[in-house]
Structure formats: C-alpha cells, structure tokens
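To start, the structure under review is shown below, and the notes come after it.
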Amino acid sequence: PGTETPLPRPVLGSRPAPAGSVAAVTTMTGVCEPGDIVANRLDPWHGAWFHPYSFARLEVVSAPAMDATAEDDRFVVDVTFRVGPRLGVPVRAEFRCPDPRTVTMRIVSGEGAGSVVETHATPLGPGPDGRPRTAVLEATIATSGRTGFALARRAAPVLRPLMRHAASRLWRDDLAYAERRYALRESRSEWGHT
C-alpha cells in the first residue's frame with residue numbers, strides 16, 4: 001500500500017458548496033492497514049449496536065451485488081442520527097467508494113440532504129515497531145436547505161469542535177476494531193493460517 005503512482009489530484013465525490021455548508025476535519029492514526037479502515041466503514045450494520053450514542057434504528061435498505069455496476073455499487077441505509085438522549089433525525093444515506101481508500105457517505109434524503117462524510121484511509125508506513133500505521137482523515141461537510149441553517153453557518157467556529165468531537169468519538173471505537181482486525185490477521189499469518 002502506498003507505492004502506487006500518485007494521481008494528479010485526489011478523487012473526490014460531490015460535496016456541498018462551501019458557501020452553504022459547515023465543514024470539520026478529524027485525523028486519527030491506528031496500527032492497521034488502509035483495508036482495515038475501509039472494511040469498518042463499509043460495514044453499515046455495526047453502526048446502531050456499536051455506536052448507540054450516535055445512531056439508532058439503522059436498516060440496510062440495499063447492498064451492492066457482486067457484479068454491481070458503478071451506479072449500483074453502493075450501500076443505502078435508513079438511520080436515525082442521535083442529537084440527544086431522546087431526540088434523533090431520520091435520514092437515508094448512501095455509502096460509495098470513489099477510490100480504493102476512500103468511503104463517502106452522503107445523505108440522500110431527510111434533514112441535511114446533500115451533507116457528506118468523506119473517510120480517507122492513508123498509509124503512513126511502518127512505525128518504530130515495524131507494524132503499519134494508517135491515518136484516518138475524515139471530513140464532515142454539513143448542509144441544509146432550511147433557512148435556519150444560516151444561523152448554524154454563523155456559529156461554525158462553535159460547531160466545528162463539536163463536529164470533530166463526534167467524529168473522534170466514533171473513530172476511537174472504530175480504530176480499536178480496525179486494530180483488532182489487523183492484529184487477528186497478523187496472528188493468524190504468524191501461525192501459518194490464511
């Protein structure tokens with residue numbers, strides 16, 4: 001990983017216009033490979049039971065077939081994002097991969113339609129212990145067609161730390177999973193299993 005010829009620029013999906021959105025970026029590093037990060041992000045089923053503080057009532061509406069066309073190569077989920085102990089916002093979201101190390105989640109209907117969360121798994125090379133390190137760079141780009149969202153945009157300096165905190169909380173859990181996945185794979189290869 002990481003030895004491919006670099007592209008002239010990153011492959012990005014559609015994003016909300018900067019003038020009508022609020023964006024925040026979170027970066028964390030784990031002892032794992034990019035595939036461990038992508039595998040976690042492409043497992044929408046774990047969201048409601050592994051992150052009950054953020055998600056509820058998650059249902060996978062469709063998953064891609066093995067021979068899916070580019071248009072159909074996506075997961076679609078109905079999920080409620082928790083915004084309080086008894087308050088949630090139901091949305092429909094799709095997950096796509098614009099390149100092998102990026103997963104893009106886009107809200108396709110419901111509150112915040114058009115909002116995007118881009119998760120990039122970037123190989124950093126081996127750490128001092130020889131094990132691989134991977135950076136998770138996650139950009140959350142929120143938008144809304146509601147007139148009140150203009151107030152949220154004005155409050156962006158206050159919202160960005162909250163958005164980063166929410167993403168970091170999720171990735172603390174998910175990096176632990178990705179690291180366990182990597183460690184299990186490595187321990188199996190040490191014992192001669194594949």
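FYI, nothing fancy with the structure tokens labels: chains A, B, ... in order, residues from 1 per chain, ligands from 1 as they appear.
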Range 138-150 of chain A environment, 9 Å, only C-alpha atoms, sequence neighbours closer than 3 positions dropped, as an MDAnalysis selection string = chainID A and resid 15:18 20:28 111:121 153:155 163:164 167
Select from range 34-127 of chain A everything DSSP, run on the backbone, classes as strand (DSSP E), then give the selection as number ranges by chain.
-> A: 55-62, 75-84, 87-99, 102-110, 116-126
Spatial neighbours of Arg57 in chain A, 7 Å, only C-alpha atoms, chain gap at least 5 places, as a PyMOL selection string = chain A and resi 48+79-80
Among listed residues A:Gly30, A:Gly130, A:Pro85, A:Pro157, nearest Leu175 in chain A (using only C-alpha atoms) |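 Smallest distance to Leu175 in chain A is found for A:Gly30.
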For Pro10 in chain A, the closest of A:Thr29, A:Ser168, A:Thr102, A:Ser54 counting only C-alpha atoms is A:Thr102
Rank A:Val83, A:Leu184, A:Ala63, A:Leu12 by their smallest atom-to-atom distance to Trp45 in chain A, using only C-alpha atoms, and report the top residue only.
->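 Counting only C-alpha atoms, the residue closest to Trp45 in chain A is A:Ala63.
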For CA of Asp73 in chain A and CA of Tyr182 in chain A, the interatomic separation in Å (one decimal) = 25.5 Å
May I have the residues within 12 Å of Thr122 in chain A as JSON, numbers by chain, using only C-alpha atoms and disregarding those fewer than 4 positions away in the same chain?
-> {"A": [1, 2, 3, 10, 27, 28, 29, 30, 31, 32, 33, 34, 35, 36, 37, 38, 99, 100, 101, 102, 103, 132, 133, 134, 135, 136, 137, 138]}
For Ala93 in chain A, which of A:Tyr177, A:Ser62, A:Glu71, A:Tyr53 is the closest residue, counting only C-alpha atoms?
-> A:Ser62
State, in Å with one decimal place, the distance from CA of Phe81 in chain A to CA of Met105 in chain A.
->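 Pair CA of Phe81 in chain A / CA of Met105 in chain A returns 13.3 Å.
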Check chain A with DSSP on the backbone and list each residue it calls helix (DSSP H, G or I), as a VMD selection string.
-> chain A and resid 18 to 20 34 to 41 46 to 50 149 to 154 156 to 190
Residues from last step as file, C-alpha atoms, as a PDB file, in the first residue's frame:
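Final file, part.pdb:
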ATOM      1  CA  PRO A  18     -18.509  25.801   0.739  1.00  0.00           C
ATOM      2  CA  ALA A  19     -20.688  28.932   0.875  1.00  0.00           C
ATOM      3  CA  GLY A  20     -23.664  26.852   2.058  1.00  0.00           C
ATOM      4  CA  PRO A  34      -5.966   1.003   4.995  1.00  0.00           C
ATOM      5  CA  GLY A  35      -8.121  -2.029   4.195  1.00  0.00           C
ATOM      6  CA  ASP A  36      -8.996  -2.383   7.887  1.00  0.00           C
ATOM      7  CA  ILE A  37     -10.334   1.185   7.936  1.00  0.00           C
ATOM      8  CA  VAL A  38     -12.294   0.740   4.709  1.00  0.00           C
ATOM      9  CA  ALA A  39     -13.735  -2.603   5.881  1.00  0.00           C
ATOM     10  CA  ASN A  40     -15.001  -0.951   9.050  1.00  0.00           C
ATOM     11  CA  ARG A  41     -16.587   1.957   7.188  1.00  0.00           C
ATOM     12  CA  HIS A  46     -22.445  -2.220  13.077  1.00  0.00           C
ATOM     13  CA  GLY A  47     -23.487   1.445  13.442  1.00  0.00           C
ATOM     14  CA  ALA A  48     -26.548   1.104  15.689  1.00  0.00           C
ATOM     15  CA  TRP A  49     -25.214  -1.602  18.001  1.00  0.00           C
ATOM     16  CA  PHE A  50     -21.562  -0.453  18.226  1.00  0.00           C
ATOM     17  CA  PHE A 149     -29.019  26.771   8.651  1.00  0.00           C
ATOM     18  CA  ALA A 150     -27.675  30.276   8.005  1.00  0.00           C
ATOM     19  CA  LEU A 151     -27.518  30.641  11.806  1.00  0.00           C
ATOM     20  CA  ALA A 152     -25.610  27.384  12.040  1.00  0.00           C
ATOM     21  CA  ARG A 153     -23.131  28.668   9.476  1.00  0.00           C
ATOM     22  CA  ARG A 154     -22.573  31.794  11.555  1.00  0.00           C
ATOM     23  CA  ALA A 156     -19.401  27.456  12.616  1.00  0.00           C
ATOM     24  CA  PRO A 157     -16.500  28.318  14.968  1.00  0.00           C
ATOM     25  CA  VAL A 158     -18.515  26.751  17.805  1.00  0.00           C
ATOM     26  CA  LEU A 159     -19.902  23.858  15.717  1.00  0.00           C
ATOM     27  CA  ARG A 160     -16.598  22.654  14.242  1.00  0.00           C
ATOM     28  CA  PRO A 161     -15.134  21.449  17.584  1.00  0.00           C
ATOM     29  CA  LEU A 162     -18.423  19.636  18.319  1.00  0.00           C
ATOM     30  CA  MET A 163     -18.354  18.002  14.889  1.00  0.00           C
ATOM     31  CA  ARG A 164     -14.702  16.949  15.391  1.00  0.00           C
ATOM     32  CA  HIS A 165     -15.543  15.582  18.859  1.00  0.00           C
ATOM     33  CA  ALA A 166     -18.414  13.456  17.481  1.00  0.00           C
ATOM     34  CA  ALA A 167     -16.240  12.053  14.669  1.00  0.00           C
ATOM     35  CA  SER A 168     -13.320  11.381  17.040  1.00  0.00           C
ATOM     36  CA  ARG A 169     -15.601   9.527  19.441  1.00  0.00           C
ATOM     37  CA  LEU A 170     -16.777   7.232  16.628  1.00  0.00           C
ATOM     38  CA  TRP A 171     -13.256   6.675  15.326  1.00  0.00           C
ATOM     39  CA  ARG A 172     -11.858   5.829  18.772  1.00  0.00           C
ATOM     40  CA  ASP A 173     -14.222   2.853  18.746  1.00  0.00           C
ATOM     41  CA  ASP A 174     -13.729   2.067  15.070  1.00  0.00           C
ATOM     42  CA  LEU A 175      -9.921   2.275  15.205  1.00  0.00           C
ATOM     43  CA  ALA A 176      -9.971  -0.214  18.080  1.00  0.00           C
ATOM     44  CA  TYR A 177     -11.959  -2.535  15.780  1.00  0.00           C
ATOM     45  CA  ALA A 178      -9.596  -1.934  12.818  1.00  0.00           C
ATOM     46  CA  GLU A 179      -6.555  -2.579  15.031  1.00  0.00           C
ATOM     47  CA  ARG A 180      -8.081  -5.822  16.374  1.00  0.00           C
ATOM     48  CA  ARG A 181      -8.853  -6.900  12.791  1.00  0.00           C
ATOM     49  CA  TYR A 182      -5.239  -6.255  11.774  1.00  0.00           C
ATOM     50  CA  ALA A 183      -3.829  -7.982  14.892  1.00  0.00           C
ATOM     51  CA  LEU A 184      -6.009 -11.047  14.326  1.00  0.00           C
ATOM     52  CA  ARG A 185      -4.927 -11.295  10.693  1.00  0.00           C
ATOM     53  CA  GLU A 186      -1.266 -10.955  11.671  1.00  0.00           C
ATOM     54  CA  SER A 187      -1.513 -13.527  14.463  1.00  0.00           C
ATOM     55  CA  ARG A 188      -3.123 -15.986  12.028  1.00  0.00           C
ATOM     56  CA  SER A 189      -0.329 -15.439   9.479  1.00  0.00           C
ATOM     57  CA  GLU A 190       2.301 -15.989  12.209  1.00  0.00           C
TER      58      GLU A 190
END
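The nearest approach to Pro90 in chain A among the residues A:Glu59, A:Asp72, A:Glu4, A:Asp43, with only C-alpha atoms taken into account, belongs to A:Glu59.
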Which of these residues is nearest to Phe95 in chain A, using only C-alpha atoms: A:Thr69, A:Gly110, A:Asp129, A:Gly13?
-> A:Gly13
Separation of CA of Ser14 in chain A from CA of Leu42 in chain A, in Å and rounded to one decimal =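 Going from CA of Ser14 in chain A over to CA of Leu42 in chain A covers 18.7 Å.
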